[in-house]
>>> print(open('protein34.cif').read())   # mmCIF, C-alpha atoms
data_data
#
loop_
_atom_site.label_atom_id
_atom_site.label_comp_id
_atom_site.auth_asym_id
_atom_site.auth_seq_id
_atom_site.Cartn_x
_atom_site.Cartn_y
_atom_site.Cartn_z
CA MET A 1 17.23 1.54 -22.91
CA LEU A 2 16.20 3.14 -26.20
CA ILE A 3 13.98 0.92 -28.37
CA HIS A 4 14.75 1.45 -32.07
CA ASN A 5 12.04 -0.79 -33.51
CA VAL A 6 8.95 1.39 -34.07
CA ALA A 7 6.42 -1.39 -33.38
CA GLU A 8 8.19 -2.44 -30.18
CA ARG A 9 8.47 1.17 -29.04
CA THR A 10 4.75 1.72 -29.65
CA GLU A 11 3.83 -1.43 -27.73
CA ALA A 12 6.09 -0.46 -24.82
CA ALA A 13 4.39 2.95 -24.65
CA LYS A 14 0.97 1.28 -24.59
CA GLN A 15 2.06 -1.04 -21.78
CA ARG A 16 3.30 1.89 -19.71
CA MET A 17 0.03 3.74 -20.22
CA ARG A 18 -1.92 0.63 -19.18
CA ALA A 19 0.24 0.17 -16.09
CA LEU A 20 -0.32 3.81 -15.17
CA LEU A 21 -4.11 3.62 -15.56
CA TYR A 22 -4.53 0.27 -13.79
CA PHE A 23 -2.51 1.53 -10.81
CA LEU A 24 -4.55 4.75 -10.60
CA LYS A 25 -7.77 2.78 -11.01
CA GLU A 26 -7.02 1.44 -7.51
CA GLU A 27 -5.10 4.35 -6.01
CA THR A 28 -6.99 7.28 -7.65
CA PHE A 29 -3.96 9.60 -7.53
CA SER A 30 -0.22 9.55 -6.95
CA ASP A 31 2.98 11.56 -7.37
CA LEU A 32 5.85 11.48 -9.87
CA ARG A 33 8.19 9.39 -7.72
CA THR A 34 5.64 6.61 -7.28
CA LEU A 35 4.27 6.60 -10.81
CA LYS A 36 7.78 6.43 -12.21
CA LYS A 37 8.24 3.13 -10.36
CA VAL A 38 4.86 1.87 -11.50
CA VAL A 39 5.71 2.17 -15.19
CA GLY A 40 9.30 0.98 -14.77
CA TYR A 41 11.29 4.11 -15.60
CA LYS A 42 14.67 4.07 -13.87
CA GLY A 43 17.41 6.62 -13.40
CA LYS A 44 17.46 10.23 -12.31
CA HIS A 45 16.02 11.79 -15.45
CA ASN A 46 12.26 12.37 -15.55
CA HIS A 47 11.82 13.62 -19.12
CA ALA A 48 10.22 10.41 -20.44
CA MET A 49 7.93 10.17 -17.42
CA TYR A 50 6.71 13.73 -17.85
CA ASN A 51 6.05 13.02 -21.52
CA LEU A 52 3.88 10.04 -20.57
CA LEU A 53 1.96 12.01 -17.93
CA ASN A 54 1.47 14.99 -20.22
CA LYS A 55 0.15 12.70 -22.95
CA ALA A 56 -2.31 11.11 -20.51
CA VAL A 57 -3.50 14.56 -19.41
CA ALA A 58 -3.88 15.72 -23.03
CA MET A 59 -5.97 12.61 -23.77
CA GLY A 60 -8.25 13.40 -20.83
CA LEU A 61 -7.24 10.24 -18.96
CA LEU A 62 -5.57 12.05 -16.04
CA ASN A 63 -5.85 15.36 -14.21
CA LYS A 64 -2.85 17.18 -12.77
CA HIS A 65 -3.12 18.96 -9.43
CA GLU A 66 -0.53 21.12 -7.66
CA TYR A 67 -0.51 21.75 -3.94
CA THR A 68 1.67 23.84 -1.66
CA VAL A 69 4.35 22.41 0.63
CA LEU A 70 7.04 24.10 2.74
CA THR A 71 9.58 23.85 -0.08
CA GLY A 72 7.25 25.12 -2.81
CA LYS A 73 4.78 23.08 -4.83
CA LYS A 74 4.27 19.38 -5.48
CA SER A 75 2.24 17.75 -8.22
CA LEU A 76 -0.24 14.90 -8.21
CA TRP A 77 -1.80 13.07 -11.13
CA GLY A 78 -5.20 11.43 -10.74
CA ILE A 79 -7.44 9.35 -12.94
CA THR A 80 -10.51 10.85 -14.62
CA MET A 81 -13.81 9.20 -15.51
CA GLN A 82 -12.52 8.90 -19.07
CA GLY A 83 -9.40 7.20 -17.74
CA LEU A 84 -11.50 4.79 -15.67
CA ALA A 85 -13.52 3.91 -18.76
CA MET A 86 -10.32 2.47 -20.24
CA VAL A 87 -9.71 0.04 -17.37
CA VAL A 88 -13.00 -0.74 -15.60
CA SER A 89 -14.20 -4.30 -16.21
CA ALA A 90 -17.31 -6.36 -15.56
CA ASN A 91 -15.45 -8.12 -12.73
CA ASP A 92 -15.19 -4.95 -10.65
CA LYS A 93 -17.61 -5.31 -7.75
CA VAL A 94 -17.54 -1.58 -7.02
CA PHE A 95 -17.02 1.23 -9.52
CA PRO A 96 -13.67 2.90 -8.69
CA ALA A 97 -13.36 6.50 -7.61
CA TYR A 98 -12.11 9.20 -9.94
CA PHE A 99 -9.77 12.01 -8.87
CA GLU A 100 -11.49 15.02 -7.35
CA PRO A 101 -8.81 17.49 -6.16
CA GLY A 102 -11.43 19.55 -4.31
CA LYS A 103 -12.06 16.61 -1.97
CA LEU A 104 -8.36 15.99 -1.32
CA ARG A 105 -7.49 16.00 2.36
CA HIS A 106 -3.95 17.29 2.71
CA SER A 107 -3.80 15.97 6.29
CA THR A 108 -3.85 12.39 4.97
CA LEU A 109 -2.10 12.95 1.65
CA GLU A 110 1.42 11.94 2.74
CA HIS A 111 0.02 8.85 4.41
CA ARG A 112 -1.63 7.80 1.14
CA LEU A 113 1.60 8.29 -0.79
CA LEU A 114 3.62 6.33 1.79
CA ASN A 115 1.06 3.55 1.65
CA GLN A 116 1.52 3.38 -2.13
CA ARG A 117 5.28 3.04 -1.71
CA VAL A 118 4.75 0.16 0.73
CA ARG A 119 2.43 -1.52 -1.74
CA ILE A 120 4.95 -1.25 -4.58
CA VAL A 121 7.77 -2.68 -2.46
CA LEU A 122 5.66 -5.66 -1.39
CA GLU A 123 4.57 -6.30 -4.98
CA GLU A 124 8.20 -6.18 -6.13
CA LYS A 125 8.86 -8.91 -3.54
CA GLY A 126 6.16 -11.12 -5.05
CA GLY A 127 3.05 -9.90 -3.25
CA THR A 128 -0.21 -10.07 -5.19
CA GLY A 129 -3.84 -9.05 -4.87
CA TRP A 130 -3.34 -5.73 -3.11
CA LEU A 131 -6.59 -4.16 -1.94
CA ASN A 132 -6.85 -0.78 -0.24
CA GLY A 133 -8.75 -0.82 3.03
CA ASP A 134 -10.66 2.36 2.23
CA ARG A 135 -12.26 0.97 -0.91
CA GLY A 136 -15.81 -0.24 -1.27
CA GLU A 137 -14.50 -3.55 -2.59
CA PHE A 138 -12.72 -4.15 0.73
CA MET A 139 -15.97 -3.74 2.64
CA ALA A 140 -17.72 -6.07 0.20
CA ARG A 141 -15.01 -8.73 0.59
CA TYR A 142 -14.54 -8.39 4.35
CA PRO A 143 -17.93 -7.52 5.87
CA GLY A 144 -18.11 -7.01 9.61
CA ILE A 145 -14.44 -6.04 10.08
CA ARG A 146 -14.31 -3.43 12.86
CA HIS A 147 -10.98 -1.90 11.87
CA ARG A 148 -10.01 -1.59 8.22
CA PRO A 149 -6.24 -1.74 7.65
CA ASP A 150 -4.52 0.40 5.02
CA GLY A 151 -4.24 -2.56 2.69
CA ILE A 152 -4.36 -6.33 2.27
CA ILE A 153 -1.83 -8.31 0.24
CA THR A 154 -0.95 -11.98 -0.28
CA LEU A 155 2.77 -12.78 -0.03
CA SER A 156 4.45 -15.37 -2.25
CA SER A 157 4.44 -17.74 0.76
CA GLY A 158 0.65 -17.72 0.70
CA ALA A 159 0.37 -15.66 3.87
CA ILE A 160 -2.28 -12.93 3.76
CA VAL A 161 -1.04 -9.74 5.41
CA ALA A 162 -2.97 -6.71 6.61
CA VAL A 163 -0.74 -3.67 6.14
CA GLU A 164 -0.80 -0.74 8.56
CA THR A 165 1.24 2.22 7.34
CA GLU A 166 2.07 4.37 10.37
CA ARG A 167 3.39 7.91 9.94
CA SER A 168 2.36 8.97 13.45
CA MET A 169 1.43 7.28 16.70
CA LYS A 170 -2.11 6.64 17.89
CA THR A 171 -3.23 6.34 21.51
CA ARG A 172 -2.64 3.18 23.52
CA ALA A 173 -6.40 2.58 23.79
CA ARG A 174 -6.76 2.87 20.02
CA TYR A 175 -4.01 0.32 19.41
CA ILE A 176 -5.65 -2.13 21.81
CA SER A 177 -8.90 -1.79 19.86
CA ILE A 178 -7.04 -2.36 16.57
CA ILE A 179 -5.19 -5.37 17.99
CA ASN A 180 -8.50 -6.90 19.07
CA SER A 181 -9.85 -6.43 15.54
CA HIS A 182 -6.79 -8.06 13.93
CA LEU A 183 -6.98 -11.02 16.31
CA ALA A 184 -10.66 -11.48 15.45
CA ALA A 185 -9.83 -11.30 11.72
CA SER A 186 -7.13 -13.92 12.21
CA ASP A 187 -9.50 -16.22 14.09
CA ALA A 188 -12.02 -15.82 11.25
CA GLY A 189 -9.37 -16.78 8.68
CA ARG A 190 -9.39 -13.36 7.00
CA TRP A 191 -5.63 -12.72 7.26
CA HIS A 192 -2.63 -14.20 9.03
CA TYR A 193 -0.42 -11.22 9.90
CA ALA A 194 -0.73 -7.51 10.59
CA MET A 195 2.38 -5.68 9.42
CA TYR A 196 3.10 -2.19 10.70
CA VAL A 197 5.35 -0.25 8.32
CA MET A 198 6.89 3.03 9.50
CA PRO A 199 8.96 5.70 7.73
CA ASP A 200 11.80 5.64 10.27
CA GLY A 201 13.41 3.60 13.02
CA LYS A 202 12.39 5.94 15.83
CA THR A 203 8.70 5.52 15.10
CA LYS A 204 9.18 1.76 14.88
CA GLU A 205 10.98 1.65 18.23
CA SER A 206 8.25 3.72 19.88
CA LEU A 207 5.48 1.52 18.50
CA VAL A 208 7.22 -1.71 19.54
CA ARG A 209 7.66 -0.36 23.06
CA LEU A 210 4.01 0.66 23.19
CA PHE A 211 2.97 -2.86 22.14
CA ASP A 212 5.29 -4.22 24.84
CA SER A 213 3.37 -2.21 27.43
CA ILE A 214 0.03 -3.83 26.55
CA ARG A 215 -0.80 -6.64 28.94
CA THR A 216 -4.35 -7.73 28.07
CA VAL A 217 -6.40 -7.89 24.87
CA MET A 218 -9.73 -9.40 23.88
CA ARG A 219 -9.94 -12.62 21.89
CA ASN A 220 -13.25 -14.34 21.24
CA SER A 221 -14.83 -11.85 23.67
CA VAL A 222 -12.54 -13.09 26.45
CA PRO A 223 -9.69 -11.09 28.07
CA VAL A 224 -6.40 -12.86 27.33
CA PRO A 225 -2.73 -12.00 27.99
CA PHE A 226 -1.00 -10.23 25.13
CA ASP A 227 1.74 -12.85 25.27
CA ALA A 228 3.98 -14.34 22.56
CA LYS A 229 1.14 -16.50 21.20
CA ASN A 230 -1.16 -13.52 20.67
CA ARG A 231 1.67 -11.23 19.64
CA GLU A 232 3.19 -13.41 16.90
CA MET A 233 0.89 -12.17 14.15
CA PHE A 234 2.14 -8.57 14.51
CA LEU A 235 5.18 -7.56 12.45
CA PHE A 236 7.09 -4.28 12.59
CA ARG A 237 9.21 -2.95 9.71
CA THR A 238 10.57 0.36 8.51
CA LEU A 239 10.22 1.18 4.83
CA ASP A 240 14.01 0.92 4.49
CA GLU A 241 13.91 -2.59 5.97
CA LEU A 242 11.36 -3.61 3.37
CA GLU A 243 13.38 -2.08 0.54
CA GLU A 244 16.84 -3.27 1.57
CA LYS A 245 16.37 -6.81 0.27
CA ILE A 246 14.37 -5.90 -2.78
CA SER A 247 16.95 -7.61 -5.00
CA ASP A 248 16.38 -10.95 -3.23
CA LYS A 249 14.77 -13.15 -5.90
CA GLN A 250 14.24 -16.26 -3.75
CA GLY A 251 10.90 -18.03 -4.03
CA ALA A 252 9.89 -17.27 -0.44
CA PRO A 253 9.63 -13.73 0.83
CA SER A 254 12.77 -12.47 2.55
CA SER A 255 12.91 -12.09 6.33
CA SER A 256 12.56 -8.35 5.90
CA VAL A 257 8.95 -8.91 4.85
CA GLY A 258 7.87 -11.54 7.34
CA GLY A 259 5.57 -14.50 6.92
CA ASP A 260 8.36 -16.73 5.63
CA ASN A 261 7.59 -19.39 8.24
CA TRP A 262 3.84 -19.25 7.59
CA ARG A 263 3.68 -22.57 5.73
CA GLU A 264 5.40 -24.36 8.65
CA ARG A 265 3.09 -22.84 11.27
CA HIS A 266 -0.11 -23.46 9.29
CA ALA A 267 0.73 -26.80 7.70
#
>>> encode(input="protein34.cif", output="structure tokens")
Amino acid sequence: MLIHNVAERTEAAKQRMRALLYFLKEETFSDLRTLKKVVGYKGKHNHAMYNLLNKAVAMGLLNKHEYTVLTGKKSLWGITMQGLAMVVSANDKVFPAYFEPGKLRHSTLEHRLLNQRVRIVLEEKGGTGWLNGDRGEFMARYPGIRHRPDGIITLSSGAIVAVETERSMKTRARYISIINSHLAASDAGRWHYAMYVMPDGKTKESLVRLFDSIRTVMRNSVPVPFDAKNREMFLFRTLDELEEKISDKQGAPSSSVGGDNWRERHA
């Protein structure tokens, strides 16, 4: 919607710029599709979004980077040191990373972007306090964790969820090791659920079947059956399943997220 009042239009532009920088303070870089959601631009047209990004680049707050894909080129925008200076605070335990395109690993790029989409969906459903697992702040907050998930978020129910964004399958032995780590984190009161989010139903089905094939895991250094009691903290969702109930404005998270019965189980 076009804002005719000059003061209101200026304030709205400042808020969008702040939203952009605070998101990239945590995520370092992202693409047009994701950043458009971050600042709240809707619709098919991208003219206003490009204007915002171009302004941020001209001010030295962001860098733009293009990389080659099968269909041509895609663009990323990442935060600079000057951009970080606008949003870093005394409360930050670790100084955030700035965007260095030369260090970008294209093998993990799509995973990072998918993880950002998952984060945004969960925040739109009321999730708060997202923290990326690959950040120094995560290691400072959760020392001794053997496996770092892709992210941690607190749902509106109060349940703390470790998010695992899976674009491809790992080995069975690797999943057993990760399961053991999540169970230990749960026993230590670090988080209550581990949610696996996949881009499609086929990957979800394969992962669920792999989990079904696991018979024994370690809990408190003791081999235990991977039965319903030890399995209940693991949730499996596709990105579409997370997004399909995004318009649900109920106080508790919808069943597509999981954790809605957490208060009952932990009362």
>>> closest_residue(input="protein34.cif", among="A:Phe29, A:Phe211, A:Tyr196, A:Tyr98", to="A:Val118", atoms="all atoms listed in the file")
A:Tyr196
>>> atom_distance(input="protein34.cif", atom1="atom CA of A:Leu155", atom2="atom CA of A:Met195")
11.8 Å
>>> atom_distance(input="protein34.cif", atom1="atom CA of A:Glu27", atom2="atom CA of A:Ala58")
20.5 Å
>>> atom_distance(input="protein34.cif", atom1="atom CA of A:Thr165", atom2="atom CA of A:Val197")
4.9 Å
>>> resolve_selection(input="protein34.cif", expression="the PyMOL selection byres ((chain A and resi 80-95) around 10)", output="PyMOL selection string")
chain A and resi 18+21-26+28-29+56-57+59-63+77-79+96-100+135-138+140-141
>>> resolve_selection(input="protein34.cif", expression="the PyMOL selection byres ((chain A and resi 10-17) around 8)", output="CSV table (one decimal) with C-alpha atoms, in the frame of the given file")
chain,number,residue,atom,x,y,z
A,6,VAL,CA,9.0,1.4,-34.1
A,7,ALA,CA,6.4,-1.4,-33.4
A,8,GLU,CA,8.2,-2.4,-30.2
A,9,ARG,CA,8.5,1.2,-29.0
A,18,ARG,CA,-1.9,0.6,-19.2
A,19,ALA,CA,0.2,0.2,-16.1
A,20,LEU,CA,-0.3,3.8,-15.2
A,21,LEU,CA,-4.1,3.6,-15.6
A,39,VAL,CA,5.7,2.2,-15.2
A,40,GLY,CA,9.3,1.0,-14.8
A,52,LEU,CA,3.9,10.0,-20.6
A,56,ALA,CA,-2.3,11.1,-20.5
>>> resolve_selection(input="protein34.cif", expression="the PyMOL selection byres ((chain A and resi 168) around 9)", output="PyMOL selection string")
chain A and resi 166-167+169-170+198+203
>>> closest_residue(input="protein34.cif", among="A:Gln116, A:Asn54, A:Asn46, A:Asn132", to="A:Leu239", atoms="only C-alpha atoms")
A:Gln116
>>> build_atoms(input="protein34.cif", residues="stretch 130-147 of chain A", atoms="N, CA, C and O atoms", output="short mmCIF file (atom, residue, chain, number, x, y, z; two decimals), in the frame of the given file")
data_model
loop_
_atom_site.label_atom_id
_atom_site.label_comp_id
_atom_site.auth_asym_id
_atom_site.auth_seq_id
_atom_site.Cartn_x
_atom_site.Cartn_y
_atom_site.Cartn_z
N TRP A 130 -3.20 -6.86 -4.02
CA TRP A 130 -3.34 -5.73 -3.11
C TRP A 130 -4.75 -5.14 -3.18
O TRP A 130 -5.32 -4.97 -4.25
N LEU A 131 -5.29 -4.82 -2.01
CA LEU A 131 -6.59 -4.16 -1.94
C LEU A 131 -6.54 -3.10 -0.85
O LEU A 131 -6.21 -3.40 0.31
N ASN A 132 -6.84 -1.86 -1.21
CA ASN A 132 -6.85 -0.78 -0.24
C ASN A 132 -8.01 -0.94 0.74
O ASN A 132 -9.13 -1.28 0.34
N GLY A 133 -7.74 -0.66 2.01
CA GLY A 133 -8.75 -0.82 3.03
C GLY A 133 -9.86 0.20 2.98
O GLY A 133 -10.93 -0.01 3.57
N ASP A 134 -9.63 1.32 2.28
CA ASP A 134 -10.66 2.36 2.23
C ASP A 134 -11.55 2.25 1.01
O ASP A 134 -12.34 3.15 0.72
N ARG A 135 -11.46 1.14 0.29
CA ARG A 135 -12.26 0.97 -0.91
C ARG A 135 -13.54 0.20 -0.62
O ARG A 135 -13.59 -0.66 0.27
N GLY A 136 -14.56 0.47 -1.42
CA GLY A 136 -15.81 -0.24 -1.27
C GLY A 136 -15.65 -1.73 -1.47
O GLY A 136 -16.35 -2.54 -0.84
N GLU A 137 -14.72 -2.12 -2.34
CA GLU A 137 -14.50 -3.55 -2.59
C GLU A 137 -14.00 -4.26 -1.33
O GLU A 137 -14.31 -5.43 -1.10
N PHE A 138 -13.20 -3.54 -0.52
CA PHE A 138 -12.72 -4.15 0.73
C PHE A 138 -13.91 -4.47 1.64
O PHE A 138 -13.99 -5.56 2.21
N MET A 139 -14.82 -3.53 1.76
CA MET A 139 -15.97 -3.74 2.64
C MET A 139 -16.86 -4.86 2.11
O MET A 139 -17.48 -5.60 2.88
N ALA A 140 -16.93 -4.99 0.78
CA ALA A 140 -17.72 -6.07 0.20
C ALA A 140 -17.06 -7.43 0.44
O ALA A 140 -17.75 -8.44 0.66
N ARG A 141 -15.73 -7.46 0.42
CA ARG A 141 -15.01 -8.73 0.59
C ARG A 141 -14.87 -9.12 2.05
O ARG A 141 -14.86 -10.30 2.39
N TYR A 142 -14.75 -8.11 2.92
CA TYR A 142 -14.54 -8.39 4.35
C TYR A 142 -15.63 -7.71 5.19
O TYR A 142 -15.35 -6.78 5.95
N PRO A 143 -16.86 -8.15 5.08
CA PRO A 143 -17.93 -7.52 5.87
C PRO A 143 -17.75 -7.78 7.36
O PRO A 143 -17.27 -8.84 7.77
N GLY A 144 -18.14 -6.82 8.17
CA GLY A 144 -18.11 -7.01 9.61
C GLY A 144 -16.78 -6.73 10.27
O GLY A 144 -16.66 -6.87 11.50
N ILE A 145 -15.74 -6.35 9.48
CA ILE A 145 -14.44 -6.04 10.08
C ILE A 145 -14.54 -4.70 10.80
O ILE A 145 -14.94 -3.69 10.22
N ARG A 146 -14.18 -4.67 12.08
CA ARG A 146 -14.31 -3.43 12.86
C ARG A 146 -13.27 -2.39 12.46
O ARG A 146 -13.57 -1.21 12.35
N HIS A 147 -12.04 -2.83 12.26
CA HIS A 147 -10.98 -1.90 11.87
C HIS A 147 -10.47 -2.28 10.49
O HIS A 147 -10.05 -3.41 10.27
#
